[in-house]
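Trainee: Sending over my_file_19.pdb (PDB, C-alpha atoms (C1' of nucleotides)).
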```
MODEL        1
ATOM      1  CA  MET A 250      19.896-142.201  78.946
ATOM      2  CA  ALA A 251      16.479-140.694  78.866
ATOM      3  CA  LYS A 252      14.258-141.304  75.850
ATOM      4  CA  ALA A 253      15.309-138.013  74.330
ATOM      5  CA  PRO A 254      18.322-138.313  72.018
ATOM      6  CA  ARG A 255      20.953-137.015  74.455
ATOM      7  CA  THR A 256      20.136-134.921  77.464
ATOM      8  CA  GLY A 257      23.290-132.866  77.408
ATOM      9  CA  PRO A 258      26.906-132.714  78.364
ATOM     10  CA  TYR A 259      27.964-134.678  81.390
ATOM     11  CA  ILE A 260      29.775-133.073  84.265
ATOM     12  CA  CYS A 261      31.627-136.142  85.466
ATOM     13  CA  GLY A 262      31.736-139.906  85.113
ATOM     14  CA  ILE A 263      29.185-140.382  87.859
ATOM     15  CA  ASP A 264      26.725-138.363  85.823
ATOM     16  CA  ALA A 265      27.323-140.423  82.733
ATOM     17  CA  ALA A 266      26.897-143.662  84.676
ATOM     18  CA  LEU A 267      23.856-142.637  86.700
ATOM     19  CA  ASP A 268      22.170-141.556  83.499
ATOM     20  CA  VAL A 269      22.330-145.167  82.365
ATOM     21  CA  VAL A 270      21.093-146.809  85.571
ATOM     22  CA  SER A 271      18.480-144.200  86.441
ATOM     23  CA  GLY A 272      15.119-145.771  85.950
ATOM     24  CA  LYS A 273      12.926-147.506  88.433
ATOM     25  CA  TRP A 274      13.785-151.042  87.327
ATOM     26  CA  LYS A 275      17.093-150.812  85.526
ATOM     27  CA  GLY A 276      19.209-151.912  88.432
ATOM     28  CA  LEU A 277      17.050-154.988  88.876
ATOM     29  CA  VAL A 278      17.107-155.804  85.185
ATOM     30  CA  LEU A 279      20.864-155.546  85.267
ATOM     31  CA  TRP A 280      21.065-157.853  88.231
ATOM     32  CA  GLU A 281      18.594-160.347  86.824
ATOM     33  CA  LEU A 282      20.542-160.604  83.585
ATOM     34  CA  HIS A 283      23.766-160.925  85.528
ATOM     35  CA  ALA A 284      22.332-163.722  87.647
ATOM     36  CA  HIS A 285      20.792-165.711  84.793
ATOM     37  CA  GLY A 286      22.855-164.765  81.782
ATOM     38  CA  VAL A 287      19.876-164.770  79.461
ATOM     39  CA  ARG A 288      16.254-163.875  80.134
ATOM     40  CA  ARG A 289      13.129-163.596  78.042
ATOM     41  CA  PHE A 290      10.722-160.676  78.232
ATOM     42  CA  SER A 291       8.144-162.596  80.219
ATOM     43  CA  GLU A 292      10.765-163.933  82.603
ATOM     44  CA  LEU A 293      11.954-160.426  83.343
ATOM     45  CA  ARG A 294       8.385-159.302  83.867
ATOM     46  CA  ARG A 295       7.848-162.047  86.413
ATOM     47  CA  ALA A 296      11.117-161.249  88.119
ATOM     48  CA  LEU A 297      10.120-157.609  88.576
ATOM     49  CA  PRO A 298       6.837-157.712  90.467
ATOM     50  CA  GLY A 299       4.863-154.572  89.747
ATOM     51  CA  VAL A 300       6.584-153.501  86.557
ATOM     52  CA  SER A 301       4.310-152.545  83.690
ATOM     53  CA  GLU A 302       4.866-153.896  80.193
ATOM     54  CA  LYS A 303       5.362-150.372  78.959
ATOM     55  CA  MET A 304       8.109-149.550  81.423
ATOM     56  CA  LEU A 305       9.901-152.852  80.997
ATOM     57  CA  ALA A 306       9.946-152.523  77.222
ATOM     58  CA  GLN A 307      10.985-148.887  77.438
ATOM     59  CA  HIS A 308      13.804-149.572  79.877
ATOM     60  CA  LEU A 309      15.057-152.457  77.779
ATOM     61  CA  ARG A 310      15.100-150.257  74.666
ATOM     62  CA  GLU A 311      17.045-147.563  76.462
ATOM     63  CA  MET A 312      19.526-150.035  77.902
ATOM     64  CA  GLU A 313      19.961-151.517  74.459
ATOM     65  CA  ALA A 314      20.588-148.058  73.018
ATOM     66  CA  ASP A 315      23.105-147.425  75.780
ATOM     67  CA  GLY A 316      24.962-150.545  74.762
ATOM     68  CA  ILE A 317      24.601-152.434  78.013
ATOM     69  CA  VAL A 318      21.913-154.908  76.963
ATOM     70  CA  LEU A 319      21.836-157.194  73.933
ATOM     71  CA  ARG A 320      18.474-158.023  72.380
ATOM     72  CA  THR A 321      18.175-161.181  70.301
ATOM     73  CA  VAL A 322      15.022-161.822  68.300
ATOM     74  CA  TYR A 323      14.239-165.327  67.070
ATOM     75  CA  ALA A 324      12.092-165.595  63.958
ATOM     76  CA  GLU A 325       9.669-168.065  65.473
ATOM     77  CA  VAL A 326       6.020-168.254  66.242
ATOM     78  CA  PRO A 327       5.149-167.620  68.960
ATOM     79  CA  PRO A 328       7.757-164.866  69.140
ATOM     80  CA  LYS A 329      10.852-165.348  71.246
ATOM     81  CA  VAL A 330      13.180-162.570  72.358
ATOM     82  CA  GLU A 331      16.166-162.987  74.614
ATOM     83  CA  TYR A 332      17.984-160.337  76.586
ATOM     84  CA  SER A 333      21.514-160.528  77.925
ATOM     85  CA  LEU A 334      24.304-158.241  79.090
ATOM     86  CA  THR A 335      26.861-156.882  76.706
ATOM     87  CA  GLU A 336      30.490-156.699  77.793
ATOM     88  CA  SER A 337      29.905-153.092  78.770
ATOM     89  CA  GLY A 338      26.817-154.093  80.727
ATOM     90  CA  ALA A 339      28.760-156.723  82.623
ATOM     91  CA  ALA A 340      31.425-154.143  83.425
ATOM     92  CA  LEU A 341      28.737-151.777  84.657
ATOM     93  CA  ASN A 342      27.434-154.483  86.927
ATOM     94  CA  GLU A 343      30.913-154.983  88.353
ATOM     95  CA  ALA A 344      31.226-151.251  88.914
ATOM     96  CA  LEU A 345      27.951-151.304  90.821
ATOM     97  CA  LEU A 346      29.078-153.942  93.319
ATOM     98  CA  PRO A 347      30.656-151.535  95.826
ATOM     99  CA  LEU A 348      27.579-149.318  95.607
ATOM    100  CA  GLY A 349      25.355-152.303  96.298
ATOM    101  CA  ALA A 350      27.486-153.198  99.294
ATOM    102  CA  TRP A 351      27.157-149.673 100.620
ATOM    103  CA  GLY A 352      23.394-149.811 100.087
ATOM    104  CA  ARG A 353      23.056-153.050 102.013
ATOM    105  CA  GLU A 354      25.092-151.566 104.822
ATOM    106  CA  ARG A 355      22.770-148.565 104.792
ATOM    107  CA  VAL A 356      19.697-150.802 104.958
ATOM    108  CA  ARG A 357      21.213-152.660 107.874
ATOM    109  CA  ARG A 358      22.332-149.510 109.686
ATOM    110  CA  GLU A 359      19.033-147.690 109.366
ATOM    111  CA  GLY A 360      16.816-150.729 109.712
ATOM    112  CA  LEU A 361      15.079-150.131 106.387
ATOM    113  CA  GLU A 362      12.657-152.559 104.889
ATOM    114  CA  VAL A 363      13.638-154.911 102.150
ATOM    115  CA  ALA A 364      11.173-156.675  99.943
ATOM    116  CA  PRO A 365      11.778-160.368  99.414
ATOM    117  CA  VAL A 366      12.602-161.104  95.810
ATOM    118  CA  PRO A 367      11.788-164.483  94.335
ATOM    119  CA  GLU A 368      14.892-166.411  93.332
ATOM    120  CA  ALA A 369      17.238-163.501  94.013
ATOM    121  CA  PRO A 370      20.815-164.564  94.665
ATOM    122  CA  ALA A 371      21.040-163.780  98.354
ATOM    123  CA  SER A 372      24.821-163.781  98.465
ATOM    124  CA  ALA A 373      25.339-160.432  96.841
ATOM    125  CA  ALA A 374      21.978-158.894  95.993
ATOM    126  CA  GLY A 375      20.160-158.678  99.301
TER
ATOM    127  CA  MET B 167      15.531-140.836  99.708
ATOM    128  CA  ALA B 168      12.683-138.919  98.190
ATOM    129  CA  LYS B 169      11.005-136.197 100.219
ATOM    130  CA  ALA B 170       8.276-138.568 101.302
ATOM    131  CA  PRO B 171       9.092-140.385 104.559
ATOM    132  CA  ARG B 172      10.071-143.697 103.038
ATOM    133  CA  THR B 173       9.100-144.729  99.559
ATOM    134  CA  GLY B 174       8.918-148.406 100.282
ATOM    135  CA  PRO B 175      10.883-151.552 100.788
ATOM    136  CA  TYR B 176      14.079-151.915  98.831
ATOM    137  CA  ILE B 177      14.688-154.867  96.594
ATOM    138  CA  CYS B 178      18.455-154.883  96.765
ATOM    139  CA  GLY B 179      21.424-152.831  97.893
ATOM    140  CA  ILE B 180      21.638-151.053  94.555
ATOM    141  CA  ASP B 181      18.115-149.772  95.091
ATOM    142  CA  ALA B 182      18.945-148.492  98.534
ATOM    143  CA  ALA B 183      22.059-146.753  97.271
ATOM    144  CA  LEU B 184      20.570-145.271  94.109
ATOM    145  CA  ASP B 185      17.736-143.856  96.185
ATOM    146  CA  VAL B 186      20.319-141.768  98.017
ATOM    147  CA  VAL B 187      22.257-140.494  95.006
ATOM    148  CA  SER B 188      19.295-139.997  92.696
ATOM    149  CA  GLY B 189      18.815-136.303  92.260
ATOM    150  CA  LYS B 190      20.107-134.008  89.614
ATOM    151  CA  TRP B 191      22.920-132.501  91.684
ATOM    152  CA  LYS B 192      23.605-134.983  94.467
ATOM    153  CA  GLY B 193      26.553-136.628  92.807
ATOM    154  CA  LEU B 194      28.178-133.253  92.289
ATOM    155  CA  VAL B 195      27.490-132.142  95.853
ATOM    156  CA  LEU B 196      29.055-135.354  97.052
ATOM    157  CA  TRP B 197      32.107-134.787  94.935
ATOM    158  CA  GLU B 198      32.423-131.135  95.883
ATOM    159  CA  LEU B 199      32.332-131.961  99.579
ATOM    160  CA  HIS B 200      34.811-134.754  99.013
ATOM    161  CA  ALA B 201      37.190-132.428  97.211
ATOM    162  CA  HIS B 202      36.988-129.542  99.669
ATOM    163  CA  GLY B 203      36.072-131.183 102.951
ATOM    164  CA  VAL B 204      33.814-128.336 104.008
ATOM    165  CA  ARG B 205      31.664-126.036 101.904
ATOM    166  CA  ARG B 206      29.189-123.277 102.639
ATOM    167  CA  PHE B 207      25.813-122.980 100.953
ATOM    168  CA  SER B 208      26.887-120.181  98.646
ATOM    169  CA  GLU B 209      30.072-122.004  97.721
ATOM    170  CA  LEU B 210      28.102-125.067  96.685
ATOM    171  CA  ARG B 211      25.733-122.913  94.697
ATOM    172  CA  ARG B 212      28.640-121.393  92.797
ATOM    173  CA  ALA B 213      30.167-124.825  92.242
ATOM    174  CA  LEU B 214      26.956-126.131  90.671
ATOM    175  CA  PRO B 215      26.212-123.759  87.801
ATOM    176  CA  GLY B 216      22.508-123.800  87.065
ATOM    177  CA  VAL B 217      21.253-125.187  90.337
ATOM    178  CA  SER B 218      18.341-123.335  91.917
ATOM    179  CA  GLU B 219      18.376-122.391  95.582
ATOM    180  CA  LYS B 220      15.333-124.529  96.113
ATOM    181  CA  MET B 221      16.866-127.677  94.694
ATOM    182  CA  LEU B 222      20.190-127.209  96.428
ATOM    183  CA  ALA B 223      18.520-126.713  99.804
ATOM    184  CA  GLN B 224      16.173-129.615  99.189
ATOM    185  CA  HIS B 225      18.951-131.968  98.140
ATOM    186  CA  LEU B 226      21.072-130.982 101.121
ATOM    187  CA  ARG B 227      18.159-131.634 103.495
ATOM    188  CA  GLU B 228      17.588-135.061 101.978
ATOM    189  CA  MET B 229      21.255-135.966 102.101
ATOM    190  CA  GLU B 230      21.356-134.835 105.714
ATOM    191  CA  ALA B 231      18.321-136.990 106.508
ATOM    192  CA  ASP B 232      20.028-139.894 104.755
ATOM    193  CA  GLY B 233      23.020-139.482 107.020
ATOM    194  CA  ILE B 234      25.589-138.753 104.331
ATOM    195  CA  VAL B 235      25.934-135.002 104.860
ATOM    196  CA  LEU B 236      26.574-133.110 108.071
ATOM    197  CA  ARG B 237      25.101-129.637 108.466
ATOM    198  CA  THR B 238      26.708-127.275 110.945
ATOM    199  CA  VAL B 239      25.004-123.981 111.782
ATOM    200  CA  TYR B 240      26.995-121.197 113.403
ATOM    201  CA  ALA B 241      25.064-118.743 115.555
ATOM    202  CA  GLU B 242      26.481-115.693 113.857
ATOM    203  CA  VAL B 243      25.252-112.776 111.906
ATOM    204  CA  PRO B 244      25.356-112.892 109.002
ATOM    205  CA  PRO B 245      24.416-116.563 109.122
ATOM    206  CA  LYS B 246      27.022-119.201 108.411
ATOM    207  CA  VAL B 247      26.277-122.826 107.606
ATOM    208  CA  GLU B 248      28.840-125.433 106.701
ATOM    209  CA  TYR B 249      28.306-128.740 104.974
ATOM    210  CA  SER B 250      30.601-131.731 105.051
ATOM    211  CA  LEU B 251      30.514-135.468 104.464
ATOM    212  CA  THR B 252      29.735-137.864 107.276
ATOM    213  CA  GLU B 253      31.664-141.097 107.542
ATOM    214  CA  SER B 254      28.864-142.804 105.667
ATOM    215  CA  GLY B 255      28.967-140.125 103.004
ATOM    216  CA  ALA B 256      32.680-140.583 102.529
ATOM    217  CA  ALA B 257      32.147-144.331 102.204
ATOM    218  CA  LEU B 258      29.453-143.715  99.626
ATOM    219  CA  ASN B 259      31.852-141.586  97.652
ATOM    220  CA  GLU B 260      34.396-144.391  97.716
ATOM    221  CA  ALA B 261      31.753-146.838  96.553
ATOM    222  CA  LEU B 262      30.964-144.553  93.645
ATOM    223  CA  LEU B 263      34.516-144.484  92.306
ATOM    224  CA  PRO B 264      34.221-147.618  90.119
ATOM    225  CA  LEU B 265      30.935-146.328  88.750
ATOM    226  CA  GLY B 266      32.557-143.024  87.895
ATOM    227  CA  ALA B 267      35.355-144.859  86.133
ATOM    228  CA  TRP B 268      32.831-146.822  84.100
ATOM    229  CA  GLY B 269      31.031-143.592  83.231
ATOM    230  CA  ARG B 270      34.187-141.922  82.010
ATOM    231  CA  GLU B 271      34.951-144.970  79.908
ATOM    232  CA  ARG B 272      31.446-144.762  78.482
ATOM    233  CA  VAL B 273      31.896-141.085  77.645
ATOM    234  CA  ARG B 274      35.170-141.871  75.936
ATOM    235  CA  ARG B 275      33.798-144.879  74.074
ATOM    236  CA  GLU B 276      30.688-143.150  72.777
ATOM    237  CA  GLY B 277      32.240-139.752  72.287
ATOM    238  CA  LEU B 278      29.738-137.994  74.526
ATOM    239  CA  GLU B 279      30.034-134.393  75.508
ATOM    240  CA  VAL B 280      31.396-133.320  78.840
ATOM    241  CA  ALA B 281      30.885-129.888  80.337
ATOM    242  CA  PRO B 282      33.949-128.245  81.806
ATOM    243  CA  VAL B 283      33.616-127.787  85.543
ATOM    244  CA  PRO B 284      35.436-124.961  87.297
ATOM    245  CA  GLU B 285      38.041-126.213  89.778
ATOM    246  CA  ALA B 286      37.014-129.834  89.440
ATOM    247  CA  PRO B 287      39.766-132.263  90.396
ATOM    248  CA  ALA B 288      40.583-133.661  87.007
ATOM    249  CA  SER B 289      42.353-136.751  88.325
ATOM    250  CA  ALA B 290      39.243-138.694  89.220
ATOM    251  CA  ALA B 291      36.175-136.608  88.502
ATOM    252  CA  GLY B 292      36.421-135.841  84.802
TER
ATOM    253  C1'  DC C  56       4.624-164.267  73.502
ATOM    254  C1'  DT C  57       6.294-159.684  72.799
ATOM    255  C1'  DG C  58       5.298-156.005  72.433
ATOM    256  C1'  DT C  59       2.684-150.541  70.909
ATOM    257  C1'  DA C  60      -0.566-146.834  71.591
ATOM    258  C1'  DT C  61      -3.156-143.911  74.375
ATOM    259  C1'  DC C  62      -4.383-141.575  78.284
ATOM    260  C1'  DC C  63      -3.669-140.355  82.961
ATOM    261  C1'  DT C  64      -1.340-139.414  87.633
ATOM    262  C1'  DT C  65       2.670-138.471  90.183
ATOM    263  C1'  DT C  66       7.012-136.566  90.953
ATOM    264  C1'  DA C  67      11.168-133.977  89.925
ATOM    265  C1'  DG C  68      12.834-129.864  88.950
ATOM    266  C1'  DG C  69      12.800-124.685  87.984
ATOM    267  C1'  DA C  70      11.504-119.343  88.354
ATOM    268  C1'  DT C  71      10.588-115.979  91.190
ATOM    269  C1'  DA C  72       9.587-113.450  95.231
ATOM    270  C1'  DC C  73      10.149-112.989  99.878
ATOM    271  C1'  DT C  74      12.253-113.570 105.054
ATOM    272  C1'  DG C  75      15.263-113.937 109.487
TER
ATOM    273  C1'  DC D 213      24.084-115.307 104.031
ATOM    274  C1'  DA D 214      21.000-118.958 103.943
ATOM    275  C1'  DG D 215      17.370-120.110 103.197
ATOM    276  C1'  DT D 216      11.184-120.649 102.493
ATOM    277  C1'  DA D 217       6.955-120.238  99.938
ATOM    278  C1'  DT D 218       4.446-120.345  95.891
ATOM    279  C1'  DC D 219       3.465-121.444  91.421
ATOM    280  C1'  DC D 220       4.560-123.696  87.185
ATOM    281  C1'  DT D 221       6.523-127.040  83.541
ATOM    282  C1'  DA D 222       8.462-131.230  82.187
ATOM    283  C1'  DA D 223       9.443-135.812  82.681
ATOM    284  C1'  DA D 224       8.784-140.345  84.731
ATOM    285  C1'  DG D 225       5.875-143.837  85.541
ATOM    286  C1'  DG D 226       1.353-146.547  85.423
ATOM    287  C1'  DA D 227      -3.354-148.606  83.580
ATOM    288  C1'  DT D 228      -5.525-150.302  80.038
ATOM    289  C1'  DA D 229      -6.498-151.698  75.476
ATOM    290  C1'  DC D 230      -5.009-153.480  71.344
ATOM    291  C1'  DA D 231      -1.724-155.784  67.595
ATOM    292  C1'  DG D 232       1.608-158.944  65.015
TER
ENDMDL
END
```
Take the structure in this file and express it as structure tokens.
Mentor:
Amino acid sequence: MAKAPRTGPYICGIDAALDVVSGKWKGLVLWELHAHGVRRFSELRRALPGVSEKMLAQHLREMEADGIVLRTVYAEVPPKVEYSLTESGAALNEALLPLGAWGRERVRREGLEVAPVPEAPASAAG
Amino acid sequence: MAKAPRTGPYICGIDAALDVVSGKWKGLVLWELHAHGVRRFSELRRALPGVSEKMLAQHLREMEADGIVLRTVYAEVPPKVEYSLTESGAALNEALLPLGAWGRERVRREGLEVAPVPEAPASAAG
DNA sequence: CTGTATCCTTTAGGATACTG
DNA sequence: CAGTATCCTAAAGGATACAG
């Protein structure tokens, strides 16, 4: 979803799904949470080289509102917040696997560049 | 792909795939070509209510450059141009099926609105 | 550590007019 | 019919500073 309440009626399921994953870093956030189960804000920031605090926070809020990410706040000092996938988020990740496979095939076929990601699970993400 | 030559290195397959389907109408174009096999420019325009000529042409050029759409120009007058899916485009469509299913489930679960599409194949697109 | 607030640049998308 | 060209608006994203 965008930040606005609800953009409008969807035309098909693809629309409704792309609306949720559209965002420069959302796919990576999804994958990072899938790979590690639980991540803190600062861990996600380190895992996404180049992301700004604003965008990371904004994306996480939207994904939370879309029901794919769970945000857990611990009443400690210093503050501690953990992010994880909801059941729906995990299902979304599963649904993205074939698309990821197609994308990797595309990268291979067209000889596109791929940035090395620290600690990325090479088996399925590359 | 964006209109710029190449945005930059991809981080994972999802990135590389989303880059190709990101665009307000690309998913629908994909589906329309899948459903009909071959479509002319004006047919696509009618199938995508609200699309501007500029965006449709631009999207089709990008999809052609990305190797998922084939553009066939007939040397006739009046002009005739046909669009269809390449093998890669058809594979992309297949890879999008689980995502579409997830999207429809999301629409159902959250009670989101869906716009009725003329002549859309209800079996898998709704 | 986990964010917000503000300001700014870039890009996507749209309206309209025109052309081979 | 199948587009281009031009101009414009809106939305996404980024830099930086500050706060609980």
Trainee: Please enumerate the residues selected by the PyMOL selection byres ((chain B) within 6 of (chain A)) when evaluated against the supplied file, formatted as a ChimeraX atom specification.
Mentor: /B:175-180,182-183,261,264-266,269-270,279-281,291-292
Trainee: To one decimal in Å, tell me the separation between CA of Glu242 (chain B) and CA of Met229 (chain B).
Mentor: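 CA of Glu242 (chain B) sits 24.0 Å away from CA of Met229 (chain B).
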Trainee: Report, to one decimal in Å, the C-alpha RMSD of chain A against chain B after an in-order least-squares superposition over all those atoms.
Mentor: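 Chain B versus chain A: RMSD of 0.1 Å.
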Trainee: Take the PyMOL selection byres ((chain D) within 9 of (chain A)), run it mentally on this structure, and tell me the resulting residues as a PDB file with C-alpha atoms (C1' of nucleotides), keeping the file's coordinate frame.
Mentor:
```pdb
ATOM      1  C1'  DA D 224       8.784-140.345  84.731  1.00  0.00           C
ATOM      2  C1'  DG D 225       5.875-143.837  85.541  1.00  0.00           C
ATOM      3  C1'  DG D 226       1.353-146.547  85.423  1.00  0.00           C
ATOM      4  C1'  DA D 227      -3.354-148.606  83.580  1.00  0.00           C
TER       5       DA D 227
END
```
Trainee: With 10 Å as the cut-off and all atoms listed in the file counted, what is the closest atom pair between each nearby residue of chain C and chain A? Distances in Å to one decimal, ordered by chain and number, as CSV.
Mentor:
```
residue,atom,partner,partner_atom,distance
C:DC56,C1',A:Pro328,CA,5.4
C:DT57,C1',A:Pro328,CA,6.5
C:DG58,C1',A:Ala306,CA,7.5
C:DT59,C1',A:Lys303,CA,8.5
```
Trainee: Do you have the CA of Glu209 (chain B)-CA of Ala256 (chain B) distance handy?
Mentor: 19.4 Å
Trainee: Please, what distance in Å, to one decimal, runs between CA of Tyr332 (chain A) and CA of Gly286 (chain A)?
Mentor: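 CA of Tyr332 (chain A) sits 8.4 Å away from CA of Gly286 (chain A).
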Trainee: Give, as AutoDock Vina command-line options, the centre coordinates and the x, y and z edge lengths in Å to one decimal for an axis-aligned box around all listed atoms of region 353-363 of chain A, padded by 6 Å on each side.
Mentor:
```
--center_x 18.9 --center_y -151.3 --center_z 105.9 --size_x 24.4 --size_y 19.2 --size_z 19.7
```
Trainee: Starting from the PyMOL selection byres ((chain C and resi 70) around 10), expand the selection into actual residues of this file and give them as a PyMOL selection string.
Mentor: (chain B and resi 218) or (chain C and resi 69+71-72) or (chain D and resi 219-220)
Trainee: With C-alpha atoms (C1' of nucleotides) retained, export the selected residues as a tab-separated table (two decimals), keeping the file's coordinate frame.
Mentor:
```tsv
chain	number	residue	atom	x	y	z
B	218	SER	CA	18.34	-123.34	91.92
C	69	DG	C1'	12.80	-124.68	87.98
C	71	DT	C1'	10.59	-115.98	91.19
C	72	DA	C1'	9.59	-113.45	95.23
D	219	DC	C1'	3.46	-121.44	91.42
D	220	DC	C1'	4.56	-123.70	87.18
```
